[in-house]
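Dropping structure02.txt in here (compact mmCIF, N, CA and C atoms):
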```txt
# COMPACT_ATOMS: atom_id res chain seq x y z
N ALA P 274 4.11 19.07 86.46
CA ALA P 274 2.85 18.55 86.95
C ALA P 274 2.18 19.60 87.82
N VAL P 275 0.90 19.79 87.58
CA VAL P 275 0.14 20.77 88.33
C VAL P 275 -1.15 20.12 88.84
N THR P 276 -1.50 20.43 90.07
CA THR P 276 -2.69 19.84 90.68
C THR P 276 -3.75 20.91 90.85
N ARG P 277 -4.96 20.62 90.42
CA ARG P 277 -6.08 21.54 90.58
C ARG P 277 -7.31 20.77 91.01
N LYS P 278 -8.10 21.38 91.89
CA LYS P 278 -9.37 20.80 92.29
C LYS P 278 -10.38 21.18 91.21
N THR P 279 -11.08 20.20 90.66
CA THR P 279 -12.04 20.46 89.59
C THR P 279 -13.25 19.55 89.73
N ARG P 280 -14.26 19.84 88.97
CA ARG P 280 -15.52 19.10 89.05
C ARG P 280 -15.55 17.97 88.02
N ILE P 281 -15.95 16.78 88.45
CA ILE P 281 -16.15 15.66 87.53
C ILE P 281 -17.51 15.85 86.89
N LEU P 282 -17.55 15.87 85.56
CA LEU P 282 -18.81 16.13 84.86
C LEU P 282 -19.53 14.86 84.43
N ASP P 283 -18.76 13.84 84.01
CA ASP P 283 -19.41 12.68 83.41
C ASP P 283 -18.46 11.48 83.41
N VAL P 284 -19.00 10.28 83.57
CA VAL P 284 -18.21 9.06 83.40
C VAL P 284 -18.45 8.62 81.95
N VAL P 285 -17.37 8.50 81.16
CA VAL P 285 -17.55 8.21 79.74
C VAL P 285 -17.09 6.81 79.33
N TYR P 286 -16.18 6.20 80.10
CA TYR P 286 -15.69 4.88 79.71
C TYR P 286 -15.20 4.12 80.92
N ASN P 287 -15.46 2.81 80.91
CA ASN P 287 -14.92 1.93 81.93
C ASN P 287 -14.58 0.61 81.27
N ALA P 288 -13.34 0.19 81.42
CA ALA P 288 -12.88 -1.02 80.73
C ALA P 288 -13.54 -2.27 81.27
N SER P 289 -13.90 -2.27 82.56
CA SER P 289 -14.40 -3.51 83.16
C SER P 289 -15.89 -3.75 82.91
N ASN P 290 -16.70 -2.69 82.90
CA ASN P 290 -18.13 -2.92 82.85
C ASN P 290 -18.85 -1.69 82.31
N ASN P 291 -19.67 -1.86 81.28
CA ASN P 291 -20.42 -0.75 80.69
C ASN P 291 -21.55 -0.29 81.61
N GLU P 292 -22.00 -1.16 82.48
CA GLU P 292 -23.05 -0.82 83.45
C GLU P 292 -22.58 0.31 84.36
N LEU P 293 -21.29 0.33 84.69
CA LEU P 293 -20.75 1.38 85.55
C LEU P 293 -20.76 2.74 84.85
N VAL P 294 -20.69 2.74 83.53
CA VAL P 294 -20.79 3.99 82.77
C VAL P 294 -22.24 4.47 82.78
N ARG P 295 -23.15 3.55 82.56
CA ARG P 295 -24.58 3.90 82.51
C ARG P 295 -25.07 4.46 83.83
N THR P 296 -24.58 3.90 84.94
CA THR P 296 -25.02 4.36 86.27
C THR P 296 -24.12 5.45 86.83
N GLN P 297 -23.13 5.91 86.04
CA GLN P 297 -22.23 6.99 86.45
C GLN P 297 -21.45 6.67 87.73
N THR P 298 -21.02 5.41 87.87
CA THR P 298 -20.29 4.97 89.06
C THR P 298 -18.81 5.31 88.93
N LEU P 299 -18.26 5.94 89.96
CA LEU P 299 -16.84 6.28 89.97
C LEU P 299 -16.04 5.14 90.59
N VAL P 300 -15.16 4.55 89.80
CA VAL P 300 -14.27 3.49 90.30
C VAL P 300 -12.86 3.79 89.81
N LYS P 301 -11.90 3.09 90.36
CA LYS P 301 -10.51 3.29 89.95
C LYS P 301 -10.35 2.96 88.46
N SER P 302 -9.57 3.75 87.77
CA SER P 302 -9.26 3.64 86.34
C SER P 302 -10.46 3.86 85.42
N ALA P 303 -11.51 4.52 85.91
CA ALA P 303 -12.61 4.93 85.05
C ALA P 303 -12.19 6.20 84.30
N ILE P 304 -12.64 6.33 83.07
CA ILE P 304 -12.33 7.53 82.28
C ILE P 304 -13.50 8.50 82.44
N VAL P 305 -13.18 9.70 82.90
CA VAL P 305 -14.21 10.70 83.19
C VAL P 305 -13.91 11.99 82.44
N GLN P 306 -14.95 12.82 82.32
CA GLN P 306 -14.76 14.17 81.78
C GLN P 306 -14.75 15.13 82.96
N VAL P 307 -13.76 16.02 82.98
CA VAL P 307 -13.66 17.02 84.05
C VAL P 307 -13.71 18.41 83.45
N ASP P 308 -14.07 19.37 84.28
CA ASP P 308 -14.15 20.77 83.87
C ASP P 308 -12.74 21.30 83.59
N ALA P 309 -12.55 21.97 82.46
CA ALA P 309 -11.22 22.43 82.06
C ALA P 309 -10.86 23.81 82.60
N ALA P 310 -11.81 24.52 83.21
CA ALA P 310 -11.59 25.92 83.61
C ALA P 310 -10.38 26.13 84.53
N PRO P 311 -10.19 25.33 85.60
CA PRO P 311 -9.03 25.57 86.46
C PRO P 311 -7.69 25.39 85.73
N PHE P 312 -7.64 24.48 84.77
CA PHE P 312 -6.41 24.23 84.03
C PHE P 312 -6.17 25.34 83.00
N LYS P 313 -7.26 25.86 82.40
CA LYS P 313 -7.14 27.00 81.49
C LYS P 313 -6.57 28.20 82.24
N GLN P 314 -7.09 28.40 83.45
CA GLN P 314 -6.66 29.52 84.28
C GLN P 314 -5.17 29.40 84.61
N TRP P 315 -4.73 28.21 84.98
CA TRP P 315 -3.31 27.99 85.30
C TRP P 315 -2.46 28.24 84.07
N TYR P 316 -2.89 27.75 82.91
CA TYR P 316 -2.14 27.90 81.67
C TYR P 316 -1.98 29.38 81.32
N LEU P 317 -3.05 30.14 81.55
CA LEU P 317 -3.00 31.58 81.27
C LEU P 317 -1.99 32.28 82.18
N THR P 318 -1.98 31.95 83.47
CA THR P 318 -1.05 32.61 84.39
C THR P 318 0.38 32.13 84.19
N HIS P 319 0.57 30.86 83.83
CA HIS P 319 1.92 30.31 83.71
C HIS P 319 2.58 30.70 82.39
N TYR P 320 1.84 30.63 81.28
CA TYR P 320 2.41 30.91 79.97
C TYR P 320 1.96 32.25 79.38
N GLY P 321 0.91 32.84 79.94
CA GLY P 321 0.39 34.09 79.39
C GLY P 321 -0.35 33.89 78.08
N VAL P 322 -0.82 32.66 77.84
CA VAL P 322 -1.54 32.34 76.60
C VAL P 322 -2.92 31.82 76.98
N ASP P 323 -3.95 32.40 76.38
CA ASP P 323 -5.32 31.97 76.64
C ASP P 323 -5.67 30.86 75.66
N ILE P 324 -5.85 29.64 76.15
CA ILE P 324 -6.16 28.52 75.25
C ILE P 324 -7.64 28.21 75.29
N GLY P 325 -8.11 27.53 74.24
CA GLY P 325 -9.51 27.13 74.19
C GLY P 325 -10.42 28.19 73.62
N ARG P 326 -9.89 29.34 73.24
CA ARG P 326 -10.71 30.37 72.61
C ARG P 326 -10.74 30.12 71.12
N LYS P 327 -11.92 30.30 70.54
CA LYS P 327 -12.05 30.14 69.11
C LYS P 327 -11.43 31.36 68.42
N LYS P 328 -10.74 31.12 67.30
CA LYS P 328 -10.15 32.22 66.54
C LYS P 328 -11.28 33.02 65.89
N LYS P 329 -11.23 34.35 66.00
CA LYS P 329 -12.28 35.19 65.43
C LYS P 329 -12.03 35.42 63.95
N THR P 330 -13.12 35.40 63.17
CA THR P 330 -13.02 35.68 61.75
C THR P 330 -13.02 37.19 61.54
N PRO P 331 -12.52 37.67 60.39
CA PRO P 331 -12.49 39.12 60.14
C PRO P 331 -13.87 39.77 60.19
N ALA P 332 -14.92 39.08 59.72
CA ALA P 332 -16.27 39.63 59.75
C ALA P 332 -16.74 39.81 61.20
N ALA P 333 -16.43 38.84 62.04
CA ALA P 333 -16.84 38.93 63.44
C ALA P 333 -16.08 40.03 64.16
N LYS P 334 -14.85 40.28 63.72
CA LYS P 334 -14.05 41.34 64.36
C LYS P 334 -14.68 42.70 64.15
N LYS P 335 -15.22 42.96 62.96
CA LYS P 335 -15.84 44.25 62.67
C LYS P 335 -17.08 44.46 63.53
N ASP P 336 -17.87 43.41 63.69
CA ASP P 336 -19.11 43.51 64.48
C ASP P 336 -18.81 43.76 65.95
N ASN P 337 -17.76 43.16 66.46
CA ASN P 337 -17.45 43.24 67.89
C ASN P 337 -16.35 44.25 68.20
N ALA P 338 -16.36 45.39 67.53
CA ALA P 338 -15.33 46.40 67.77
C ALA P 338 -15.38 46.90 69.21
N GLU P 339 -16.60 47.08 69.74
CA GLU P 339 -16.74 47.54 71.13
C GLU P 339 -16.30 46.45 72.10
N GLY P 340 -16.66 45.22 71.82
CA GLY P 340 -16.30 44.10 72.69
C GLY P 340 -14.80 43.90 72.76
N GLN P 341 -14.12 44.17 71.65
CA GLN P 341 -12.66 44.01 71.62
C GLN P 341 -11.99 45.01 72.53
N GLU P 342 -12.51 46.23 72.57
CA GLU P 342 -11.91 47.25 73.43
C GLU P 342 -11.98 46.83 74.89
N VAL P 343 -13.09 46.26 75.29
CA VAL P 343 -13.26 45.80 76.67
C VAL P 343 -12.29 44.66 76.95
N GLU P 344 -12.19 43.70 75.99
CA GLU P 344 -11.27 42.57 76.17
C GLU P 344 -9.82 43.03 76.25
N ALA P 345 -9.46 43.97 75.38
CA ALA P 345 -8.08 44.47 75.36
C ALA P 345 -7.74 45.13 76.69
N ALA P 346 -8.68 45.85 77.25
CA ALA P 346 -8.45 46.49 78.55
C ALA P 346 -8.27 45.44 79.65
N ALA P 347 -9.03 44.36 79.56
CA ALA P 347 -8.93 43.30 80.56
C ALA P 347 -7.60 42.55 80.44
N GLU P 348 -7.14 42.36 79.19
CA GLU P 348 -5.90 41.61 78.97
C GLU P 348 -4.66 42.41 79.37
N GLU P 349 -4.74 43.72 79.28
CA GLU P 349 -3.57 44.56 79.52
C GLU P 349 -3.41 44.89 81.00
N THR P 350 -3.29 43.88 81.83
CA THR P 350 -2.98 44.13 83.24
C THR P 350 -1.50 44.45 83.33
N LYS P 351 -1.15 45.34 84.23
CA LYS P 351 0.25 45.76 84.33
C LYS P 351 1.11 44.62 84.85
N LYS P 352 2.20 44.37 84.14
CA LYS P 352 3.16 43.34 84.54
C LYS P 352 4.54 43.96 84.57
N SER P 353 5.33 43.53 85.53
CA SER P 353 6.70 44.05 85.61
C SER P 353 7.54 43.47 84.48
N ASN P 354 8.68 44.09 84.24
CA ASN P 354 9.59 43.60 83.19
C ASN P 354 10.04 42.18 83.48
N HIS P 355 10.26 41.90 84.77
CA HIS P 355 10.71 40.55 85.15
C HIS P 355 9.66 39.51 84.76
N VAL P 356 8.40 39.80 85.04
CA VAL P 356 7.32 38.86 84.73
C VAL P 356 7.17 38.68 83.22
N THR P 357 7.24 39.78 82.47
CA THR P 357 7.12 39.66 81.02
C THR P 357 8.27 38.84 80.42
N ARG P 358 9.48 39.03 80.94
CA ARG P 358 10.63 38.24 80.45
C ARG P 358 10.43 36.77 80.78
N LYS P 359 9.93 36.50 81.98
CA LYS P 359 9.71 35.12 82.41
C LYS P 359 8.67 34.45 81.51
N LEU P 360 7.57 35.16 81.20
CA LEU P 360 6.53 34.60 80.34
C LEU P 360 7.06 34.36 78.92
N GLU P 361 7.86 35.27 78.40
CA GLU P 361 8.44 35.10 77.07
C GLU P 361 9.35 33.86 77.03
N LYS P 362 10.12 33.67 78.08
CA LYS P 362 11.02 32.50 78.18
C LYS P 362 10.21 31.20 78.19
N ARG P 363 9.11 31.21 78.94
CA ARG P 363 8.26 30.00 79.00
C ARG P 363 7.58 29.72 77.68
N LYS P 364 7.19 30.77 76.96
CA LYS P 364 6.50 30.59 75.68
C LYS P 364 7.38 29.93 74.64
N GLU P 365 8.71 30.10 74.74
CA GLU P 365 9.64 29.53 73.75
C GLU P 365 9.51 28.01 73.67
N GLY P 366 9.48 27.33 74.80
CA GLY P 366 9.46 25.87 74.81
C GLY P 366 8.07 25.28 74.89
N ARG P 367 7.06 26.08 74.65
CA ARG P 367 5.67 25.65 74.85
C ARG P 367 5.14 24.93 73.62
N THR P 368 4.67 23.70 73.82
CA THR P 368 3.94 22.98 72.78
C THR P 368 2.75 22.29 73.45
N LEU P 369 1.62 22.32 72.79
CA LEU P 369 0.42 21.71 73.34
C LEU P 369 -0.15 20.74 72.31
N ASP P 370 -0.45 19.54 72.76
CA ASP P 370 -1.00 18.50 71.90
C ASP P 370 -2.31 19.00 71.27
N PRO P 371 -2.50 18.83 69.95
CA PRO P 371 -3.73 19.30 69.31
C PRO P 371 -5.00 18.67 69.89
N HIS P 372 -4.91 17.40 70.33
CA HIS P 372 -6.07 16.74 70.93
C HIS P 372 -6.48 17.45 72.23
N ILE P 373 -5.48 17.82 73.03
CA ILE P 373 -5.77 18.49 74.30
C ILE P 373 -6.30 19.90 74.03
N GLU P 374 -5.74 20.57 73.03
CA GLU P 374 -6.22 21.91 72.69
C GLU P 374 -7.68 21.87 72.24
N GLU P 375 -8.03 20.83 71.50
CA GLU P 375 -9.41 20.63 71.05
C GLU P 375 -10.34 20.45 72.26
N GLN P 376 -9.87 19.69 73.26
CA GLN P 376 -10.67 19.48 74.46
C GLN P 376 -10.83 20.76 75.26
N PHE P 377 -9.77 21.57 75.34
CA PHE P 377 -9.87 22.86 76.03
C PHE P 377 -10.92 23.73 75.36
N GLY P 378 -11.03 23.63 74.03
CA GLY P 378 -12.04 24.40 73.30
C GLY P 378 -13.44 24.03 73.71
N SER P 379 -13.68 22.74 73.97
CA SER P 379 -15.01 22.29 74.39
C SER P 379 -15.24 22.52 75.89
N GLY P 380 -14.15 22.78 76.64
CA GLY P 380 -14.31 23.03 78.08
C GLY P 380 -14.33 21.78 78.93
N ARG P 381 -14.06 20.63 78.31
CA ARG P 381 -14.04 19.36 79.04
C ARG P 381 -12.78 18.60 78.69
N LEU P 382 -12.13 18.07 79.73
CA LEU P 382 -10.91 17.28 79.53
C LEU P 382 -11.18 15.84 79.93
N LEU P 383 -10.57 14.88 79.22
CA LEU P 383 -10.66 13.48 79.61
C LEU P 383 -9.61 13.21 80.68
N ALA P 384 -10.03 12.53 81.73
CA ALA P 384 -9.11 12.21 82.83
C ALA P 384 -9.36 10.78 83.28
N CYS P 385 -8.36 10.21 83.94
CA CYS P 385 -8.46 8.86 84.48
C CYS P 385 -8.39 8.94 86.00
N ILE P 386 -9.26 8.23 86.67
CA ILE P 386 -9.25 8.23 88.14
C ILE P 386 -8.18 7.24 88.60
N SER P 387 -7.23 7.73 89.41
CA SER P 387 -6.13 6.87 89.86
C SER P 387 -6.31 6.38 91.29
N SER P 388 -7.22 7.01 92.05
CA SER P 388 -7.46 6.57 93.42
C SER P 388 -8.70 5.68 93.44
N ARG P 389 -9.00 5.14 94.61
CA ARG P 389 -10.23 4.37 94.76
C ARG P 389 -11.25 5.25 95.48
N PRO P 390 -12.18 5.87 94.74
CA PRO P 390 -13.12 6.79 95.35
C PRO P 390 -14.01 6.08 96.36
N GLY P 391 -14.26 6.74 97.47
CA GLY P 391 -15.07 6.13 98.52
C GLY P 391 -16.22 7.02 98.92
N GLN P 392 -16.52 7.02 100.20
CA GLN P 392 -17.69 7.73 100.72
C GLN P 392 -17.47 9.24 100.81
N CYS P 393 -16.24 9.67 100.94
CA CYS P 393 -15.97 11.08 101.25
C CYS P 393 -16.13 12.02 100.05
N GLY P 394 -16.30 11.49 98.86
CA GLY P 394 -16.52 12.34 97.70
C GLY P 394 -15.25 12.90 97.09
N ARG P 395 -14.13 12.27 97.34
CA ARG P 395 -12.85 12.73 96.77
C ARG P 395 -12.32 11.67 95.81
N ALA P 396 -11.88 12.12 94.65
CA ALA P 396 -11.29 11.21 93.67
C ALA P 396 -10.07 11.88 93.06
N ASP P 397 -8.93 11.20 93.12
CA ASP P 397 -7.70 11.74 92.52
C ASP P 397 -7.52 11.12 91.15
N GLY P 398 -6.90 11.87 90.25
CA GLY P 398 -6.69 11.34 88.91
C GLY P 398 -5.72 12.20 88.14
N TYR P 399 -5.63 11.92 86.84
CA TYR P 399 -4.72 12.67 85.99
C TYR P 399 -5.37 12.89 84.63
N ILE P 400 -4.96 13.98 83.99
CA ILE P 400 -5.46 14.31 82.66
C ILE P 400 -4.79 13.39 81.64
N LEU P 401 -5.58 12.84 80.72
CA LEU P 401 -5.02 11.95 79.70
C LEU P 401 -4.31 12.77 78.63
N GLU P 402 -3.16 12.27 78.18
CA GLU P 402 -2.43 12.92 77.10
C GLU P 402 -1.61 11.89 76.34
N GLY P 403 -1.18 12.24 75.15
CA GLY P 403 -0.32 11.37 74.35
C GLY P 403 -1.04 10.14 73.83
N LYS P 404 -0.33 9.02 73.86
CA LYS P 404 -0.85 7.76 73.32
C LYS P 404 -2.09 7.29 74.07
N GLU P 405 -2.09 7.50 75.39
CA GLU P 405 -3.23 7.07 76.20
C GLU P 405 -4.49 7.84 75.80
N LEU P 406 -4.37 9.13 75.57
CA LEU P 406 -5.51 9.95 75.14
C LEU P 406 -6.02 9.48 73.78
N GLU P 407 -5.11 9.23 72.85
CA GLU P 407 -5.51 8.76 71.52
C GLU P 407 -6.25 7.43 71.61
N PHE P 408 -5.75 6.52 72.46
CA PHE P 408 -6.37 5.20 72.63
C PHE P 408 -7.81 5.34 73.10
N TYR P 409 -8.03 6.15 74.15
CA TYR P 409 -9.38 6.28 74.70
C TYR P 409 -10.29 7.09 73.80
N MET P 410 -9.74 8.02 73.02
CA MET P 410 -10.57 8.76 72.06
C MET P 410 -11.08 7.82 70.98
N LYS P 411 -10.21 6.90 70.53
CA LYS P 411 -10.65 5.90 69.54
C LYS P 411 -11.75 5.02 70.13
N LYS P 412 -11.56 4.59 71.38
CA LYS P 412 -12.56 3.74 72.04
C LYS P 412 -13.90 4.46 72.11
N LEU P 413 -13.88 5.74 72.47
CA LEU P 413 -15.12 6.51 72.60
C LEU P 413 -15.78 6.72 71.24
N GLN P 414 -14.98 6.94 70.19
CA GLN P 414 -15.53 7.10 68.84
C GLN P 414 -16.20 5.81 68.39
N ARG P 415 -15.54 4.68 68.67
CA ARG P 415 -16.10 3.38 68.31
C ARG P 415 -17.42 3.14 69.04
N LYS P 416 -17.44 3.53 70.32
CA LYS P 416 -18.64 3.37 71.13
C LYS P 416 -19.79 4.23 70.59
N LYS P 417 -19.48 5.45 70.15
CA LYS P 417 -20.49 6.34 69.57
C LYS P 417 -21.03 5.75 68.28
N GLY P 418 -20.14 5.15 67.48
CA GLY P 418 -20.55 4.53 66.21
C GLY P 418 -21.52 3.39 66.42
N LYS P 419 -21.26 2.58 67.45
CA LYS P 419 -22.14 1.44 67.76
C LYS P 419 -23.52 1.92 68.19
N SER P 420 -23.57 2.97 69.02
CA SER P 420 -24.86 3.47 69.52
C SER P 420 -25.67 4.10 68.39
N ALA P 421 -25.01 4.68 67.39
CA ALA P 421 -25.72 5.28 66.26
C ALA P 421 -26.36 4.20 65.38
N VAL P 422 -25.66 3.06 65.23
CA VAL P 422 -26.18 1.96 64.43
C VAL P 422 -27.34 1.26 65.10
N ALA P 423 -27.25 1.07 66.42
CA ALA P 423 -28.28 0.31 67.16
C ALA P 423 -29.60 1.04 67.28
```

Hey, can you dump this file as structure tokens for me?
Amino acid sequence: AVTRKTRILDVVYNASNNELVRTQTLVKSAIVQVDAAPFKQWYLTHYGVDIGRKKKTPAAKKDNAEGQEVEAAAEETKKSNHVTRKLEKRKEGRTLDPHIEEQFGSGRLLACISSRPGQCGRADGYILEGKELEFYMKKLQRKKGKSAVA
């Protein structure tokens, strides 16, 4: 478990009342979208893998030959043998849910607020994953379908 301070971007679902979604009200157990950047950064430092980047096609690689040189120089920061061994060891057991990887690509993660937000502007929560993420993704897809029909 890793904790990062991040920005809440949008309230997308609330089980109790749709009015709270429309007015962007933060309440306990509301499903919100948060900025993925701090978590991407942690993942890069912990596993040495940059997630959320789109795979480049061969045609795009030829066009961006100069851009690749700059990126390669940025990626090749000097690391000690101990750090490289540690990163290789961590990469062995690494698996990431495809739904979460898709969200990292868009730069927004679905999260649930676990605290009761008040006047001070602080809200604690957790990133959705597994069955819970699938459940809320279905709910959001169904909600999008209804709004398209209406």

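CA of Tyr286 in chain P is positioned 5.0 Å from CA of Ile304 in chain P.
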
Interatomic distance, atom C of Asp283 in chain P to atom N of Asp323 in chain P (Å, one decimal):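 These atoms are spaced 26.4 Å apart.
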
Report as AutoDock Vina command-line options the centre and the edge lengths, in Å to one decimal, of the axis-aligned box holding every listed atom of range 378-383 of chain P, padded by 8 Å on each side.
```
--center_x -12.4 --center_y 18.8 --center_z 77.0 --size_x 21.6 --size_y 27.2 --size_z 23.4
```

Sel. within 7 Å of pt (-16.7, 22.9, 85.0), counting only N, CA and C atoms, output as number ranges by chain: P: 279-280, 307-311, 380

Selected residue of minimal separation from Ile386 in chain P among P:Gly321, P:Gly403, P:Gly398, P:Pro371, counting only N, CA and C atoms: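 Using only N, CA and C atoms, Ile386 in chain P sits closest to P:Gly398.
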
Residues within 12 Å of Ala303 in chain P, only C-alpha atoms, excluding chain neighbours under 6 positions, as a list in words: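 After dropping sequence-adjacent residues, the list is Ile281, Asp283, Val284, Val285, Tyr286, Asn287, Ala288, Ser289, Asn290, Asn291, Leu293, Val294, Gln297, Leu383, Ala384, Cys385, Ile386, Ser387, Ser388, Arg389, Pro390, Ala396, Asp397, Gly398, Tyr399, Leu401 and Tyr409 of chain P.
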
Length of the CA of Thr350 in chain P to CA of Lys364 in chain P vector [Å]: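 Taking CA of Thr350 in chain P as the start and CA of Lys364 in chain P as the end point, the length is 18.2 Å.
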
Picked from chain P by DSSP as strand (DSSP E), as number ranges by chain: P: 281-286, 304-308, 381-386, 398-400

Secondary structure check, alpha helix (DSSP H) residues of chain P, as JSON, numbers by chain: {"P": [291, 292, 293, 294, 295, 310, 311, 312, 313, 314, 315, 316, 317, 318, 319, 320, 331, 332, 333, 334, 335, 336, 338, 339, 340, 341, 342, 343, 344, 345, 346, 347, 348, 354, 355, 356, 357, 358, 359, 360, 361, 362, 363, 364, 365, 371, 372, 373, 374, 375, 376, 377, 378, 379, 403, 404, 405, 406, 407, 408, 409, 410, 411, 412, 413, 414, 415, 416, 417, 418, 419, 420, 421, 422]}

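Compared by their closest atoms to Ala274 in chain P, and using only C-alpha atoms, the residues P:Arg326, P:Ile400, P:Gln392, P:Glu375 rank with P:Ile400 nearest.
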